[in-house]
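Q: Got protein_12.pdb for you, PDB, C-alpha atoms and all ligand atoms:
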MODEL        1
ATOM      1  CA  MET R   1     -35.286   9.529   0.375
ATOM      2  CA  ASP R   2     -34.194  11.902   3.140
ATOM      3  CA  LEU R   3     -30.402  12.217   2.943
ATOM      4  CA  ARG R   4     -30.328  13.426   6.575
ATOM      5  CA  ILE R   5     -27.805  16.194   6.044
ATOM      6  CA  LYS R   6     -30.031  19.062   7.163
ATOM      7  CA  ASP R   7     -27.933  21.676   9.023
ATOM      8  CA  LYS R   8     -24.679  19.841   8.308
ATOM      9  CA  ILE R   9     -21.891  22.304   7.555
ATOM     10  CA  ALA R  10     -20.719  21.609   4.009
ATOM     11  CA  ILE R  11     -17.956  23.242   2.053
ATOM     12  CA  VAL R  12     -17.778  22.784  -1.722
ATOM     13  CA  THR R  13     -14.639  24.198  -3.338
ATOM     14  CA  ALA R  14     -14.383  25.556  -6.890
ATOM     15  CA  ALA R  15     -18.139  25.896  -6.993
ATOM     16  CA  SER R  16     -18.988  29.079  -8.883
ATOM     17  CA  GLN R  17     -19.943  27.041 -11.943
ATOM     18  CA  GLY R  18     -20.033  23.539 -13.395
ATOM     19  CA  LEU R  19     -19.814  20.388 -11.298
ATOM     20  CA  GLY R  20     -18.937  22.157  -8.035
ATOM     21  CA  LYS R  21     -21.954  24.436  -8.318
ATOM     22  CA  ALA R  22     -24.171  21.457  -9.156
ATOM     23  CA  VAL R  23     -23.030  19.720  -5.963
ATOM     24  CA  ALA R  24     -23.600  22.865  -3.886
ATOM     25  CA  LEU R  25     -27.113  23.158  -5.332
ATOM     26  CA  GLN R  26     -27.989  19.609  -4.289
ATOM     27  CA  LEU R  27     -26.605  20.012  -0.770
ATOM     28  CA  ALA R  28     -28.410  23.335  -0.284
ATOM     29  CA  GLY R  29     -31.566  21.654  -1.579
ATOM     30  CA  GLU R  30     -31.115  19.084   1.216
ATOM     31  CA  ARG R  31     -30.913  22.031   3.657
ATOM     32  CA  ALA R  32     -27.251  21.603   4.549
ATOM     33  CA  LYS R  33     -25.484  24.873   5.388
ATOM     34  CA  VAL R  34     -23.399  25.287   2.260
ATOM     35  CA  ILE R  35     -20.242  27.326   1.805
ATOM     36  CA  ILE R  36     -18.831  27.691  -1.708
ATOM     37  CA  CYS R  37     -15.499  29.050  -2.856
ATOM     38  CA  SER R  38     -13.688  29.992  -6.028
ATOM     39  CA  ARG R  39     -11.331  32.740  -7.162
ATOM     40  CA  ASN R  40     -13.772  35.280  -8.590
ATOM     41  CA  LYS R  41     -16.075  37.260  -6.284
ATOM     42  CA  GLU R  42     -18.576  38.291  -8.963
ATOM     43  CA  GLU R  43     -18.973  34.695 -10.179
ATOM     44  CA  LEU R  44     -19.396  33.516  -6.608
ATOM     45  CA  LYS R  45     -22.093  36.089  -5.890
ATOM     46  CA  LYS R  46     -23.936  35.000  -9.025
ATOM     47  CA  ALA R  47     -23.734  31.310  -8.009
ATOM     48  CA  LYS R  48     -24.841  32.106  -4.449
ATOM     49  CA  THR R  49     -27.917  33.989  -5.703
ATOM     50  CA  GLU R  50     -28.828  31.244  -8.179
ATOM     51  CA  ILE R  51     -28.557  28.492  -5.549
ATOM     52  CA  GLU R  52     -30.462  30.519  -2.957
ATOM     53  CA  ASN R  53     -33.244  31.348  -5.422
ATOM     54  CA  GLU R  54     -33.583  27.727  -6.451
ATOM     55  CA  THR R  55     -33.431  26.147  -2.981
ATOM     56  CA  GLY R  56     -34.625  28.895  -0.631
ATOM     57  CA  ASN R  57     -31.584  28.220   1.559
ATOM     58  CA  PRO R  58     -28.783  30.655   2.390
ATOM     59  CA  VAL R  59     -25.325  29.994   0.929
ATOM     60  CA  GLU R  60     -22.056  31.569   2.064
ATOM     61  CA  TYR R  61     -19.052  32.175  -0.124
ATOM     62  CA  PHE R  62     -15.306  32.714   0.188
ATOM     63  CA  VAL R  63     -12.984  34.117  -2.426
ATOM     64  CA  CYS R  64     -10.317  31.432  -2.253
ATOM     65  CA  ASP R  65      -7.865  29.881  -4.671
ATOM     66  CA  VAL R  66      -7.526  26.241  -3.602
ATOM     67  CA  THR R  67      -3.830  26.290  -4.505
ATOM     68  CA  ASN R  68      -3.193  29.156  -2.085
ATOM     69  CA  GLU R  69      -2.376  27.651   1.322
ATOM     70  CA  THR R  70      -2.970  30.874   3.239
ATOM     71  CA  GLN R  71      -6.369  31.495   1.700
ATOM     72  CA  VAL R  72      -7.483  27.906   2.292
ATOM     73  CA  LEU R  73      -6.322  28.034   5.922
ATOM     74  CA  GLU R  74      -8.182  31.327   6.477
ATOM     75  CA  MET R  75     -11.337  29.880   4.941
ATOM     76  CA  ILE R  76     -11.336  26.707   7.050
ATOM     77  CA  GLU R  77     -10.482  28.636  10.233
ATOM     78  CA  SER R  78     -13.247  31.112   9.627
ATOM     79  CA  ILE R  79     -15.800  28.309   9.034
ATOM     80  CA  GLN R  80     -14.702  26.617  12.235
ATOM     81  CA  LYS R  81     -14.959  29.894  14.134
ATOM     82  CA  LYS R  82     -18.417  30.695  12.795
ATOM     83  CA  PHE R  83     -20.049  27.241  12.953
ATOM     84  CA  GLY R  84     -17.819  25.385  15.418
ATOM     85  CA  ARG R  85     -17.738  22.371  13.117
ATOM     86  CA  LEU R  86     -17.262  21.098   9.595
ATOM     87  CA  ASP R  87     -19.169  17.996   8.506
ATOM     88  CA  ILE R  88     -18.855  17.716   4.750
ATOM     89  CA  LEU R  89     -15.934  18.563   2.467
ATOM     90  CA  VAL R  90     -16.323  18.334  -1.291
ATOM     91  CA  CYS R  91     -12.988  19.032  -3.006
ATOM     92  CA  ASN R  92     -13.121  20.295  -6.546
ATOM     93  CA  ALA R  93     -10.775  22.426  -8.654
ATOM     94  CA  GLY R  94     -10.366  23.391 -12.275
ATOM     95  CA  GLY R  95      -8.721  20.914 -14.619
ATOM     96  CA  PRO R  96      -5.122  21.304 -15.890
ATOM     97  CA  PRO R  97      -4.513  22.069 -19.582
ATOM     98  CA  ALA R  98      -4.905  19.295 -22.142
ATOM     99  CA  GLY R  99      -1.818  17.880 -23.877
ATOM    100  CA  THR R 100       0.432  14.858 -24.277
ATOM    101  CA  THR R 101       3.815  13.946 -22.800
ATOM    102  CA  ASP R 102       5.431  15.935 -25.664
ATOM    103  CA  ASP R 103       3.773  19.162 -24.605
ATOM    104  CA  PHE R 104       4.836  19.783 -21.016
ATOM    105  CA  GLY R 105       7.881  20.474 -18.870
ATOM    106  CA  LEU R 106       8.320  19.966 -15.125
ATOM    107  CA  ASP R 107       6.777  23.336 -14.276
ATOM    108  CA  ASP R 108       3.531  22.296 -15.942
ATOM    109  CA  TYR R 109       3.493  19.104 -13.864
ATOM    110  CA  ARG R 110       4.192  21.132 -10.702
ATOM    111  CA  LYS R 111       1.210  23.401 -11.420
ATOM    112  CA  ALA R 112      -1.045  20.427 -12.099
ATOM    113  CA  LEU R 113       0.051  18.758  -8.860
ATOM    114  CA  GLU R 114      -0.675  21.999  -6.965
ATOM    115  CA  LEU R 115      -4.130  22.211  -8.516
ATOM    116  CA  ASN R 116      -5.369  18.630  -8.433
ATOM    117  CA  LEU R 117      -3.257  16.856  -5.808
ATOM    118  CA  LEU R 118      -1.784  19.208  -3.193
ATOM    119  CA  SER R 119      -4.968  21.295  -2.890
ATOM    120  CA  THR R 120      -6.861  18.117  -2.014
ATOM    121  CA  ILE R 121      -4.265  17.003   0.526
ATOM    122  CA  ASN R 122      -4.262  20.459   2.123
ATOM    123  CA  LEU R 123      -8.076  20.673   2.365
ATOM    124  CA  CYS R 124      -8.268  17.167   3.840
ATOM    125  CA  ASN R 125      -5.440  17.785   6.324
ATOM    126  CA  LEU R 126      -7.156  20.917   7.618
ATOM    127  CA  SER R 127     -10.657  19.418   7.726
ATOM    128  CA  VAL R 128     -10.054  15.966   9.208
ATOM    129  CA  PRO R 129      -9.073  17.173  12.736
ATOM    130  CA  ILE R 130     -12.313  19.198  12.898
ATOM    131  CA  MET R 131     -14.430  16.256  11.723
ATOM    132  CA  ARG R 132     -12.670  13.877  14.089
ATOM    133  CA  LYS R 133     -13.905  15.863  17.085
ATOM    134  CA  ASN R 134     -17.504  15.031  16.152
ATOM    135  CA  LYS R 135     -16.766  11.451  15.069
ATOM    136  CA  TRP R 136     -18.611  12.167  11.843
ATOM    137  CA  GLY R 137     -17.525  13.423   8.469
ATOM    138  CA  ARG R 138     -17.896  13.028   4.735
ATOM    139  CA  ILE R 139     -15.165  13.809   2.228
ATOM    140  CA  VAL R 140     -15.803  13.524  -1.496
ATOM    141  CA  VAL R 141     -13.276  14.541  -4.126
ATOM    142  CA  ILE R 142     -14.182  15.168  -7.747
ATOM    143  CA  THR R 143     -11.500  13.453  -9.841
ATOM    144  CA  SER R 144     -12.024  12.007 -13.331
ATOM    145  CA  ILE R 145     -12.430   8.830 -15.343
ATOM    146  CA  SER R 146      -8.758   9.388 -16.170
ATOM    147  CA  VAL R 147      -7.837   7.707 -12.858
ATOM    148  CA  LYS R 148      -9.197   4.414 -14.173
ATOM    149  CA  GLN R 149      -8.466   4.792 -17.864
ATOM    150  CA  PRO R 150      -5.855   7.462 -18.573
ATOM    151  CA  ILE R 151      -6.762   9.753 -21.472
ATOM    152  CA  ASN R 152      -3.846  10.216 -23.906
ATOM    153  CA  THR R 153      -4.417  13.941 -24.357
ATOM    154  CA  LEU R 154      -4.743  14.666 -20.624
ATOM    155  CA  VAL R 155      -1.348  13.624 -19.233
ATOM    156  CA  LEU R 156      -1.330  16.304 -16.511
ATOM    157  CA  SER R 157      -4.760  15.267 -15.252
ATOM    158  CA  ASN R 158      -3.857  11.544 -15.448
ATOM    159  CA  THR R 159      -0.746  12.129 -13.366
ATOM    160  CA  ALA R 160      -2.081  14.453 -10.664
ATOM    161  CA  ARG R 161      -5.365  12.618 -10.146
ATOM    162  CA  ALA R 162      -3.666   9.226  -9.827
ATOM    163  CA  GLY R 163      -1.716  10.709  -6.903
ATOM    164  CA  ALA R 164      -4.908  12.096  -5.373
ATOM    165  CA  THR R 165      -6.582   8.697  -5.659
ATOM    166  CA  GLY R 166      -3.709   7.018  -3.800
ATOM    167  CA  PHE R 167      -3.840   9.659  -1.081
ATOM    168  CA  LEU R 168      -7.625   9.356  -0.658
ATOM    169  CA  LYS R 169      -7.573   5.566  -0.402
ATOM    170  CA  THR R 170      -4.867   5.761   2.253
ATOM    171  CA  LEU R 171      -6.728   8.469   4.169
ATOM    172  CA  SER R 172      -9.989   6.511   3.995
ATOM    173  CA  ASN R 173      -8.377   3.557   5.787
ATOM    174  CA  GLN R 174      -6.796   5.780   8.380
ATOM    175  CA  ILE R 175      -9.938   7.679   9.462
ATOM    176  CA  ALA R 176     -12.730   5.162   8.863
ATOM    177  CA  ALA R 177     -12.890   4.296  12.563
ATOM    178  CA  ASP R 178     -13.515   7.991  13.328
ATOM    179  CA  GLY R 179     -16.809   7.888  11.437
ATOM    180  CA  ILE R 180     -15.383   9.778   8.477
ATOM    181  CA  THR R 181     -15.822   8.426   4.968
ATOM    182  CA  VAL R 182     -13.564   9.397   2.068
ATOM    183  CA  ASN R 183     -14.627   8.768  -1.514
ATOM    184  CA  ALA R 184     -13.964  10.080  -4.998
ATOM    185  CA  VAL R 185     -16.357  10.537  -7.874
ATOM    186  CA  CYS R 186     -14.942  10.136 -11.369
ATOM    187  CA  PRO R 187     -16.968  12.117 -13.858
ATOM    188  CA  GLY R 188     -16.963  11.044 -17.469
ATOM    189  CA  TYR R 189     -17.743  13.603 -20.168
ATOM    190  CA  THR R 190     -20.274  15.887 -18.514
ATOM    191  CA  LYS R 191     -21.943  18.854 -20.175
ATOM    192  CA  THR R 192     -20.704  21.833 -18.172
ATOM    193  CA  GLN R 193     -19.774  25.344 -19.312
ATOM    194  CA  ARG R 194     -16.189  24.170 -19.778
ATOM    195  CA  VAL R 195     -17.210  21.406 -22.178
ATOM    196  CA  GLU R 196     -19.557  23.781 -24.029
ATOM    197  CA  ASN R 197     -16.644  26.222 -24.430
ATOM    198  CA  LEU R 198     -14.477  23.409 -25.827
ATOM    199  CA  ALA R 199     -17.257  22.540 -28.276
ATOM    200  CA  GLU R 200     -17.515  26.174 -29.411
ATOM    201  CA  ALA R 201     -13.731  26.433 -29.828
ATOM    202  CA  PHE R 202     -13.810  23.247 -31.917
ATOM    203  CA  ALA R 203     -16.573  24.644 -34.140
ATOM    204  CA  GLU R 204     -14.831  28.017 -34.522
ATOM    205  CA  SER R 205     -11.564  26.326 -35.514
ATOM    206  CA  GLY R 206     -13.336  24.909 -38.584
ATOM    207  CA  LYS R 207     -12.676  21.296 -37.562
ATOM    208  CA  GLY R 208     -16.389  20.502 -37.604
ATOM    209  CA  SER R 209     -19.745  21.502 -36.178
ATOM    210  CA  LEU R 210     -20.883  21.522 -32.549
ATOM    211  CA  GLN R 211     -22.742  18.290 -33.291
ATOM    212  CA  ASP R 212     -19.520  16.763 -34.662
ATOM    213  CA  PHE R 213     -17.738  17.627 -31.395
ATOM    214  CA  TYR R 214     -20.338  15.887 -29.249
ATOM    215  CA  ALA R 215     -20.687  12.946 -31.657
ATOM    216  CA  LYS R 216     -16.920  12.286 -31.359
ATOM    217  CA  LEU R 217     -17.182  12.085 -27.568
ATOM    218  CA  GLU R 218     -20.349   9.990 -27.630
ATOM    219  CA  ILE R 219     -18.822   7.230 -29.787
ATOM    220  CA  ASP R 220     -17.097   5.726 -26.733
ATOM    221  CA  ILE R 221     -19.949   6.273 -24.267
ATOM    222  CA  PRO R 222     -22.330   3.300 -24.118
ATOM    223  CA  MET R 223     -25.190   5.631 -23.133
ATOM    224  CA  LYS R 224     -24.493   7.714 -26.269
ATOM    225  CA  ARG R 225     -24.856  10.999 -24.438
ATOM    226  CA  LEU R 226     -22.860  13.226 -22.148
ATOM    227  CA  GLY R 227     -23.645  13.250 -18.440
ATOM    228  CA  THR R 228     -25.373  16.158 -16.753
ATOM    229  CA  SER R 229     -24.057  18.126 -13.815
ATOM    230  CA  LEU R 230     -27.333  17.267 -12.053
ATOM    231  CA  GLU R 231     -26.447  13.563 -12.213
ATOM    232  CA  LEU R 232     -22.994  14.217 -10.781
ATOM    233  CA  GLY R 233     -24.411  16.518  -8.089
ATOM    234  CA  GLN R 234     -26.993  13.960  -6.990
ATOM    235  CA  THR R 235     -24.340  11.221  -6.792
ATOM    236  CA  VAL R 236     -22.182  13.347  -4.502
ATOM    237  CA  ALA R 237     -25.237  14.242  -2.402
ATOM    238  CA  PHE R 238     -25.860  10.546  -1.839
ATOM    239  CA  LEU R 239     -22.213   9.874  -0.913
ATOM    240  CA  VAL R 240     -22.300  12.577   1.785
ATOM    241  CA  SER R 241     -25.621  11.352   3.163
ATOM    242  CA  GLU R 242     -26.152   9.496   6.423
ATOM    243  CA  GLY R 243     -27.244   6.446   4.428
ATOM    244  CA  ALA R 244     -23.897   6.166   2.635
ATOM    245  CA  GLY R 245     -22.100   5.700   5.961
ATOM    246  CA  TYR R 246     -20.665   2.277   5.079
ATOM    247  CA  ILE R 247     -19.163   3.400   1.747
ATOM    248  CA  THR R 248     -15.543   4.498   1.979
ATOM    249  CA  GLY R 249     -12.379   4.308  -0.126
ATOM    250  CA  VAL R 250     -14.346   4.121  -3.347
ATOM    251  CA  SER R 251     -13.678   5.855  -6.685
ATOM    252  CA  LEU R 252     -17.109   5.855  -8.248
ATOM    253  CA  GLN R 253     -17.492   6.374 -11.976
ATOM    254  CA  VAL R 254     -20.334   8.612 -13.135
ATOM    255  CA  ASP R 255     -19.634   8.112 -16.809
ATOM    256  CA  GLY R 256     -22.491   6.500 -18.726
ATOM    257  CA  GLY R 257     -20.420   3.299 -18.929
ATOM    258  CA  TYR R 258     -17.302   4.909 -20.480
ATOM    259  CA  ILE R 259     -14.747   2.919 -18.431
ATOM    260  CA  LYS R 260     -14.246  -0.444 -20.072
ATOM    261  CA  GLY R 261     -12.436  -2.180 -17.182
ATOM    262  CA  LEU R 262     -14.021  -4.341 -14.503
ATOM    263  CA  PHE R 263     -13.137  -2.082 -11.544
TER     264      PHE R 263
HETATM  265  P1  LIG Z   1     -15.504  24.285 -14.892
HETATM  266  O1  LIG Z   1     -14.320  24.902 -15.556
HETATM  267  O2  LIG Z   1     -16.858  24.488 -15.517
HETATM  268  O3  LIG Z   1     -15.583  24.788 -13.376
HETATM  269  C1  LIG Z   1     -14.441  24.839 -12.589
HETATM  270  C2  LIG Z   1     -14.717  25.650 -11.336
HETATM  271  O4  LIG Z   1     -13.507  25.671 -10.583
HETATM  272  C3  LIG Z   1     -15.065  27.117 -11.591
HETATM  273  O5  LIG Z   1     -16.002  27.527 -10.629
HETATM  274  C4  LIG Z   1     -13.729  27.830 -11.370
HETATM  275  O6  LIG Z   1     -13.893  29.176 -10.987
HETATM  276  C5  LIG Z   1     -13.171  27.001 -10.232
HETATM  277  N1  LIG Z   1     -11.729  27.001 -10.085
HETATM  278  C6  LIG Z   1     -10.801  26.711 -11.020
HETATM  279  N2  LIG Z   1      -9.565  26.768 -10.487
HETATM  280  C7  LIG Z   1      -9.710  27.118  -9.174
HETATM  281  C8  LIG Z   1      -8.820  27.343  -8.109
HETATM  282  N3  LIG Z   1      -7.500  27.242  -8.279
HETATM  283  N4  LIG Z   1      -9.323  27.678  -6.905
HETATM  284  C9  LIG Z   1     -10.639  27.807  -6.709
HETATM  285  N5  LIG Z   1     -11.552  27.610  -7.691
HETATM  286  C10 LIG Z   1     -11.091  27.267  -8.919
HETATM  287  O7  LIG Z   1     -15.142  22.748 -14.776
HETATM  288  P2  LIG Z   1     -16.111  21.487 -14.579
HETATM  289  O8  LIG Z   1     -16.467  20.947 -15.915
HETATM  290  O9  LIG Z   1     -17.179  21.807 -13.611
HETATM  291  O10 LIG Z   1     -15.070  20.446 -13.950
HETATM  292  C11 LIG Z   1     -14.746  20.433 -12.567
HETATM  293  C12 LIG Z   1     -13.606  19.458 -12.360
HETATM  294  O11 LIG Z   1     -13.989  18.165 -12.815
HETATM  295  C13 LIG Z   1     -12.341  19.843 -13.137
HETATM  296  O12 LIG Z   1     -11.202  19.493 -12.374
HETATM  297  C14 LIG Z   1     -12.435  18.962 -14.355
HETATM  298  O13 LIG Z   1     -11.172  18.716 -14.938
HETATM  299  C15 LIG Z   1     -13.054  17.714 -13.768
HETATM  300  N6  LIG Z   1     -13.729  16.902 -14.778
HETATM  301  C16 LIG Z   1     -14.693  17.443 -15.557
HETATM  302  C17 LIG Z   1     -15.291  16.646 -16.522
HETATM  303  C18 LIG Z   1     -16.354  17.207 -17.432
HETATM  304  O14 LIG Z   1     -16.658  16.564 -18.443
HETATM  305  N7  LIG Z   1     -16.954  18.340 -17.124
HETATM  306  C19 LIG Z   1     -14.906  15.303 -16.679
HETATM  307  C20 LIG Z   1     -13.923  14.783 -15.826
HETATM  308  C21 LIG Z   1     -13.339  15.592 -14.881
ENDMDL
END
Would you write out, as structure tokens, the structure that this file holds?

A:
Amino acid sequence: MDLRIKDKIAIVTAASQGLGKAVALQLAGERAKVIICSRNKEELKKAKTEIENETGNPVEYFVCDVTNETQVLEMIESIQKKFGRLDILVCNAGGPPAGTTDDFGLDDYRKALELNLLSTINLCNLSVPIMRKNKWGRIVVITSISVKQPINTLVLSNTARAGATGFLKTLSNQIAADGITVNAVCPGYTKTQRVENLAEAFAESGKGSLQDFYAKLEIDIPMKRLGTSLELGQTVAFLVSEGAGYITGVSLQVDGGYIKGLF
């Protein structure tokens, strides 16, 4: 299936590793012009080289912290200046620390809102006027299964991502008639570097083996395995494709069946 995004200008934030990088790889493989960002230049250069070697397509990068308004503005302005357009925005960021309602004060909530809610609003607000000019755009935000089934030990993520989901649904209604779709993907447990680090920390703490860590997660996943970043990347690639033009306002689980609710 040709996704028909060749030469589309696509920005994927927080993409030096993990899910963001997996999305960038898919879009570059579809010959979109991909721009990635994250906070660390060396990591970005490594990701750029890996994606270029694998796809044969050039990738640009920006050192940009998505919570830094000035840096985000400079990045979007420079993309607009260079390419004259922006077609695809994939918003990703790191996740906030794990913990329960006993663990955090207001400052922790503020930081989580900056990272997983306000960064998304800012990126959308800056990108939508550019997309509107061309009457075409695709916005996909990487959220989490926690927006459908809050996870007790992830109160910061539950809180910030619920806000993002409300914002995205509202935005999707507002700009649908401009040819711009807005969707979220909700990854379940997906084997990225971050999850592998958590597994190693678990094993080193003496609580059990690496296998024990994964077995605990897999109990609640009907597919009895973690997802892969490839699966998440390919889902996002479909959502930004021409063919997905009638899908908007959706929060799509990519979770091996983890969510137990009907919607
Ligand atoms: P990861 O830690 O492997 O990668 C995160 C990426 O974001 C890195 O490239 C990092 O440099 C970048 N980043 C972090 N903070 C940033 C910032 N402020 N500005 C710019 N770049 C920043 O994480 P991942 O596993 O790929 O997860 C990506 C997102 O998806 C996270 O928000 C995570 O909470 C969420 N998520 C992941 C899973 C999973 O199982 N992997 C499940 C549900 C939700």

Q: Which residues are near range 116-130 of chain R? Cut-off 7 Å, all atoms listed in the file, ignore same chain within fewer than 3 positions. Put them as a short mmCIF file (atom, residue, chain, number, x, y, z; two decimals) with C-alpha atoms, in the frame of the given file.

A:
data_model
loop_
_atom_site.label_atom_id
_atom_site.label_comp_id
_atom_site.auth_asym_id
_atom_site.auth_seq_id
_atom_site.Cartn_x
_atom_site.Cartn_y
_atom_site.Cartn_z
CA VAL R 66 -7.53 26.24 -3.60
CA THR R 67 -3.83 26.29 -4.50
CA ARG R 85 -17.74 22.37 13.12
CA LEU R 86 -17.26 21.10 9.60
CA CYS R 91 -12.99 19.03 -3.01
CA ALA R 93 -10.78 22.43 -8.65
CA ALA R 112 -1.04 20.43 -12.10
CA LEU R 113 0.05 18.76 -8.86
CA LYS R 133 -13.90 15.86 17.08
CA ALA R 160 -2.08 14.45 -10.66
CA ARG R 161 -5.36 12.62 -10.15
CA GLY R 163 -1.72 10.71 -6.90
CA ALA R 164 -4.91 12.10 -5.37
#

Q: Which residues are near Ile9 in chain R? Cut-off 9 Å, all atoms listed in the file, ignore same chain within fewer than 2 positions. Put them as a ChimeraX atom specification.

A: /R:5-7,11,32-35,79,83,85-89

Q: Please, what distance in Å, to one decimal, runs between CA of Pro96 in chain R and CA of Gly206 in chain R?

A: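 Separation of CA of Pro96 in chain R and CA of Gly206 in chain R: 24.4 Å.
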
Q: Produce as a PyMOL selection string the set of residues near ligand LIG 1 (chain Z), where near means within 6 Å with only C-alpha atoms and all ligand atoms considered.

A: chain R and resi 14-20+38-39+64-67+92-95+142-144+187-195

Q: Ile151 in chain R: which residues within 10 Å, counting all atoms listed in the file, same-chain residues fewer than 6 positions away excluded, as a PyMOL selection string?

A: chain R and resi 98-100+144-145+157-158

Q: Just how far from CA of Ser241 in chain R is CA of Arg31 in chain R, in Å to one decimal?

A: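 That distance, rounded to one decimal, is 11.9 Å.
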
Q: Nearest to Thr13 in chain R among R:Ile180, R:Val90, R:Met75, R:Ala201, with distances taken over all atoms listed in the file: which residue is it?

A: R:Val90

Q: Here's the selection I'm unsure about, the PyMOL selection byres (((chain R and resi 22) around 9) and not hetatm); applied to the file above, which residues does it give, as a list in words?

A: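 Applying the PyMOL selection byres (((chain R and resi 22) around 9) and not hetatm) to the structure shown produces Ala15, Gln17, Gly18, Leu19, Gly20, Lys21, Val23, Ala24, Leu25, Gln26, Leu27, Ser229, Leu230, Glu231, Leu232, Gly233 and Gln234 of chain R.
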
Q: Can you work out which one of R:Glu74, R:Glu196, R:Glu114, R:Asp108 has the shortest atom-to-atom distance to Val155 in chain R, counting all atoms listed in the file?

A: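 Of all the options, R:Asp108 lies closest to Val155 in chain R.
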
Q: Please measure the separation of CA of Thr248 in chain R and CA of Val141 in chain R, giving the value in Å to one decimal.

A: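 Rounded to one decimal, the two atoms are 12.0 Å apart.
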
Q: Please evaluate the PyMOL selection byres (((chain R and resi 60) around 8) and not hetatm) against the structure above and give the resulting residues as a list in words.

A: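 That expression, the PyMOL selection byres (((chain R and resi 60) around 8) and not hetatm), corresponds here to Val34, Ile35, Ile36, Lys48, Pro58, Val59, Tyr61 and Phe62 of chain R.
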